[in-house]
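*Asks:* Structure in structure tokens, see below.
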Amino acid sequence: MRTVLFTHPDCLSHRPPAGHPERPERLSAVLDALEALDGLERREAPLAEDADITTLHPQRLIDVLEEATPRDGEGPAPLDPDTWLSEGTLAAARRAAGAVLAAVDGTMTGDFEAAFCAVRPPGHHAEPARPMGFCLFNSAVLGALRARDVHGAQRVALIDFDVHHGNGSEAAFRGQSGLFYASIHQSPLYPGTGDPADHGEAGEIANITFGPGEDAAAWRAAVERGLFPALEDFAPDMMILSAGFDAHRDDPLASGSLTEDDYAWITAELARRAQPRRLVSTLEGGYDLNALGRSAAAHVKALLDA
């Protein structure tokens, strides 16, 4: 697939306090690993404007974040124990959202077939009216709404394989027509949501869980059993991936057993099912730098090879 990388140096400017797992070095590790890939076109992520963000998040939330942003060399300020603002945070978050929106525009207009957004902070925990879990703006959901409401996509699927359930994405998709959200996540684990018995109001939600320490074969079997039939029934005309790599066996924040081979496998399987060929992926979690870099490179290579 013709694949474009969207990123921007501003995404390095979000700086939580020292020791925080969602650190700028995560993005550097991803970008360094992607340097070895041939055929990957690189583009600059634009800044999302308020009008882009308010398709999901209320203007009051943006205003509160602006007011709470540290100024003039002040240190980072907490929104909650996990989620922090620094001087460069909102520029980074706007670039992260802008990357996904530009990627959706490009795939929907046929400029390219796939995109990977190497951005931070992540987004899938951000609920419409509440940042949380390292996340401020839910870029993946903003992209899904853009595909449906601006470009006329009839069925947009958001597939989330971060080890943590994307409570914000699920909340945004609940009861929405033309949208389908599927999460493959460890349970029990933060944030404690994502019950497999919850299918939303009309089957628009699928939660596929695996237990701490379950091996990669069990994870693949759960994906094959719980995700692929539902995805084929939905038959999306646009697919967005919340690409978290923290179910890797080396990740410090969970108890997964995956390797980069498993991320290459799920990417290839999803790309094969992306008919028409419109697929946008955005970086979510992944906190061991070496595992994150290798996994992201395997993911993007699978897109290029699809």
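Quick note on naming: the chains in the structure tokens go A, B, ... in the order shown, residues restart at 1 in each chain, and ligands are numbered from 1 in order of appearance.
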I need the strand (DSSP E) residues of region 148-256 of chain A per DSSP on the backbone, written as a ChimeraX atom specification.

*Replies:* /A:156-160,179-186,205-210,238-243

*Asks:* Save out the residues we just selected, C-alpha atoms, as a JSON list (two decimals), in the first residue's frame.

*Replies:*
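Output file again.json follows:
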[["chain", "number", "residue", "atom", "x", "y", "z"],
["A", 156, "VAL", "CA", -15.95, 3.72, 9.60],
["A", 157, "ALA", "CA", -14.26, 1.11, 11.80],
["A", 158, "LEU", "CA", -11.84, 2.07, 14.59],
["A", 159, "ILE", "CA", -9.70, -0.89, 15.67],
["A", 160, "ASP", "CA", -7.75, -0.38, 18.90],
["A", 179, "LEU", "CA", -19.26, 3.84, 13.27],
["A", 180, "PHE", "CA", -17.85, 0.62, 14.75],
["A", 181, "TYR", "CA", -15.32, 0.44, 17.59],
["A", 182, "ALA", "CA", -13.39, -2.70, 18.48],
["A", 183, "SER", "CA", -10.83, -2.93, 21.29],
["A", 184, "ILE", "CA", -8.42, -5.80, 21.97],
["A", 185, "HIS", "CA", -7.16, -5.23, 25.51],
["A", 186, "GLN", "CA", -5.85, -6.89, 28.65],
["A", 205, "ILE", "CA", -18.94, -1.92, 20.02],
["A", 206, "ALA", "CA", -16.85, -5.08, 20.32],
["A", 207, "ASN", "CA", -14.51, -5.71, 23.25],
["A", 208, "ILE", "CA", -12.06, -8.58, 22.97],
["A", 209, "THR", "CA", -10.10, -9.28, 26.14],
["A", 210, "PHE", "CA", -7.10, -11.37, 27.13],
["A", 238, "MET", "CA", -12.67, 3.39, 6.01],
["A", 239, "MET", "CA", -10.49, 1.89, 8.74],
["A", 240, "ILE", "CA", -8.62, 3.69, 11.52],
["A", 241, "LEU", "CA", -6.19, 1.95, 13.88],
["A", 242, "SER", "CA", -5.34, 3.01, 17.40],
["A", 243, "ALA", "CA", -1.90, 1.44, 17.29]]

*Asks:* Skip Glu22 (chain A) itself and residues of its chain fewer than 6 positions away, then list as a ChimeraX atom specification all residues within 9 Å of it, counting only C-alpha atoms.

*Replies:* /A:15-16,120-122,134,285-287

*Asks:* Give me a file of those residues, with N, CA and C atoms, as a tab-separated table (two decimals), in the first residue's frame.

*Replies:*
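Once everything was written out, this is part_2.tsv:
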chain	number	residue	atom	x	y	z
A	15	ARG	N	6.07	17.67	27.47
A	15	ARG	CA	7.06	17.19	28.43
A	15	ARG	C	6.43	17.03	29.82
A	16	PRO	N	5.89	15.83	30.10
A	16	PRO	CA	5.48	15.55	31.48
A	16	PRO	C	6.71	15.54	32.40
A	120	ARG	N	2.46	12.20	19.41
A	120	ARG	CA	2.13	12.09	20.82
A	120	ARG	C	1.69	13.49	21.27
A	121	PRO	N	0.88	13.61	22.34
A	121	PRO	CA	0.41	12.56	23.22
A	121	PRO	C	-0.61	11.64	22.55
A	122	PRO	N	-0.81	10.44	23.16
A	122	PRO	CA	-1.84	9.53	22.64
A	122	PRO	C	-3.23	10.10	22.87
A	134	PHE	N	-3.05	10.01	30.12
A	134	PHE	CA	-2.01	10.59	29.25
A	134	PHE	C	-2.60	11.32	28.05
A	285	GLY	N	-0.12	3.74	22.80
A	285	GLY	CA	0.84	3.43	23.84
A	285	GLY	C	2.04	2.64	23.36
A	286	GLY	N	2.89	2.28	24.34
A	286	GLY	CA	4.14	1.58	24.09
A	286	GLY	C	5.24	2.30	24.85
A	287	TYR	N	5.79	1.64	25.89
A	287	TYR	CA	6.61	2.38	26.86
A	287	TYR	C	8.00	1.79	27.08

*Asks:* Write out as a list of chain:residue names the residues lying within 7 Å of Pro46 (chain A), counting only C-alpha atoms and excluding same-chain residues fewer than 2 positions away.

*Replies:*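 Counting only C-alpha atoms, the residues come to A:Glu44, A:Ala48, A:Arg95, A:Gly98, A:Ala99.
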
*Asks:* Store the residues picked out above in a file with N, CA and C atoms, as a compact mmCIF listing (two decimals), in the first residue's frame.

*Replies:*
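Resulting contents of result-v6.txt:
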# COMPACT_ATOMS: atom_id res chain seq x y z
N GLU A 44 4.51 16.64 6.89
CA GLU A 44 4.40 17.37 8.14
C GLU A 44 2.96 17.37 8.63
N ALA A 48 -4.26 21.06 14.18
CA ALA A 48 -5.72 21.06 14.19
C ALA A 48 -6.23 22.37 14.79
N ARG A 95 -1.02 18.95 16.84
CA ARG A 95 -0.34 18.27 15.73
C ARG A 95 -0.79 16.81 15.65
N GLY A 98 -4.15 16.92 14.13
CA GLY A 98 -4.02 17.37 12.75
C GLY A 98 -3.44 16.31 11.85
N ALA A 99 -2.51 15.50 12.38
CA ALA A 99 -1.94 14.41 11.58
C ALA A 99 -3.01 13.43 11.14

*Asks:* So which one's closest to Val150 (chain A), A:Leu40, A:Leu61, A:Met108, A:Leu12? Using only C-alpha atoms, please.

*Replies:* A:Met108

*Asks:* Please compute the CA of Arg174 (chain A)-CA of Gly194 (chain A) distance, one decimal, in Å.

*Replies:*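 According to the coordinates, CA of Arg174 (chain A) and CA of Gly194 (chain A) are separated by 12.2 Å.
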
*Asks:* Measuring atom to atom with only C-alpha atoms, identify which of A:Arg155, A:His248, A:Arg23, A:Arg277 is nearest to Glu204 (chain A).

*Replies:* A:Arg155

*Asks:* At a cut-off of 8 Å, using only C-alpha atoms, what residues contact Gly168 (chain A)? Leave out same-chain residues fewer than 4 positions from it and give the result as a PyMOL selection string.

*Replies:* chain A and resi 124-128+138+172

*Asks:* Would you mind exporting the chosen residues as a short mmCIF file (atom, residue, chain, number, x, y, z; two decimals), in the first residue's frame, restricted to C-alpha atoms?

*Replies:*
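Written output follows (again_4.cif):
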data_model
loop_
_atom_site.label_atom_id
_atom_site.label_comp_id
_atom_site.auth_asym_id
_atom_site.auth_seq_id
_atom_site.Cartn_x
_atom_site.Cartn_y
_atom_site.Cartn_z
CA HIS A 124 -7.78 6.88 23.03
CA HIS A 125 -8.49 7.49 26.74
CA ALA A 126 -9.69 11.06 26.11
CA GLU A 127 -13.45 11.20 26.54
CA PRO A 128 -15.46 13.94 24.81
CA ASN A 138 -8.97 11.77 20.87
CA ALA A 172 -17.59 8.66 21.59
#

*Asks:* Determine, counting only C-alpha atoms, which protein, DNA and RNA residues have an atom within 9 Å of an atom of Leu79 (chain A); residues of the same chain fewer than 3 positions away are not included. Present the result as a VMD selection string.

*Replies:* chain A and resid 65 68 82 to 85 131 to 132

*Asks:* A:Pro58, A:Glu49, A:Val4, A:Ala29: which is nearest Ala291 (chain A), counting only C-alpha atoms?

*Replies:*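 Answer, going by the shortest atom-to-atom distance: A:Ala29.
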
*Asks:* Nearest to Thr109 (chain A): which of A:Ala92, A:Ala153, A:Ile62, A:Ala97 is it, counting only C-alpha atoms?

*Replies:* A:Ala153

*Asks:* Might you pull out every residue within 12 Å of Leu34 (chain A), with only C-alpha atoms counted and same-chain residues fewer than 3 positions away left off, and present them as JSON, numbers by chain?

*Replies:* {"A": [4, 5, 6, 7, 27, 28, 29, 30, 31, 37, 38, 39, 40, 41, 42, 116, 117, 118, 292, 293, 294, 295, 296, 297, 298, 299, 300, 301, 304]}

*Asks:* Could you tell me, as a list in words, which residues of region 70-110 of chain A DSSP assigns to helix (DSSP H, G or I) when given the backbone?

*Replies:*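 Residues of region 70-110 of chain A classed as helix (DSSP H, G or I): Thr89, Leu90, Ala91, Ala92, Ala93, Arg94, Arg95, Ala96, Ala97, Gly98, Ala99, Val100, Leu101, Ala102, Ala103, Val104, Asp105, Gly106, Thr107, Met108 and Thr109 of chain A.
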
*Asks:* Can those selected residues be exported to a file as a compact mmCIF listing (two decimals), in the first residue's frame so that it contains C-alpha atoms?

*Replies:*
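Full text of part_16.txt as output:
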# COMPACT_ATOMS: atom_id res chain seq x y z
CA THR A 89 1.64 20.16 25.22
CA LEU A 90 -1.24 21.78 23.34
CA ALA A 91 0.86 22.33 20.22
CA ALA A 92 1.79 18.63 20.35
CA ALA A 93 -1.82 17.57 20.86
CA ARG A 94 -3.00 19.79 18.01
CA ARG A 95 -0.34 18.27 15.73
CA ALA A 96 -1.41 14.76 16.79
CA ALA A 97 -5.03 15.49 15.90
CA GLY A 98 -4.02 17.37 12.75
CA ALA A 99 -1.94 14.41 11.58
CA VAL A 100 -4.90 12.05 11.73
CA LEU A 101 -7.22 14.53 10.06
CA ALA A 102 -4.75 15.11 7.22
CA ALA A 103 -4.23 11.36 6.90
CA VAL A 104 -7.98 10.79 6.64
CA ASP A 105 -8.27 13.55 4.03
CA GLY A 106 -5.51 11.96 1.97
CA THR A 107 -6.86 8.43 2.08
CA MET A 108 -10.43 9.47 1.41
CA THR A 109 -9.45 11.55 -1.62

*Asks:* Report, in Å with one decimal, the straight-line distance from CA of Leu283 (chain A) to CA of Leu136 (chain A).

*Replies:*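 Computing it gives 13.9 Å between the two atoms.
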
*Asks:* Rounded to one decimal in Å, what is the spacing between CA of His57 (chain A) and CA of Gly133 (chain A)?

*Replies:*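 Rounded to one decimal, the two atoms are 16.1 Å apart.
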
*Asks:* What's the 9 Å shell around Arg273 (chain A), counting only C-alpha atoms, without same-chain residues fewer than 6 positions away, as a PyMOL selection string?

*Replies:* chain A and resi 228+231-232+235-236
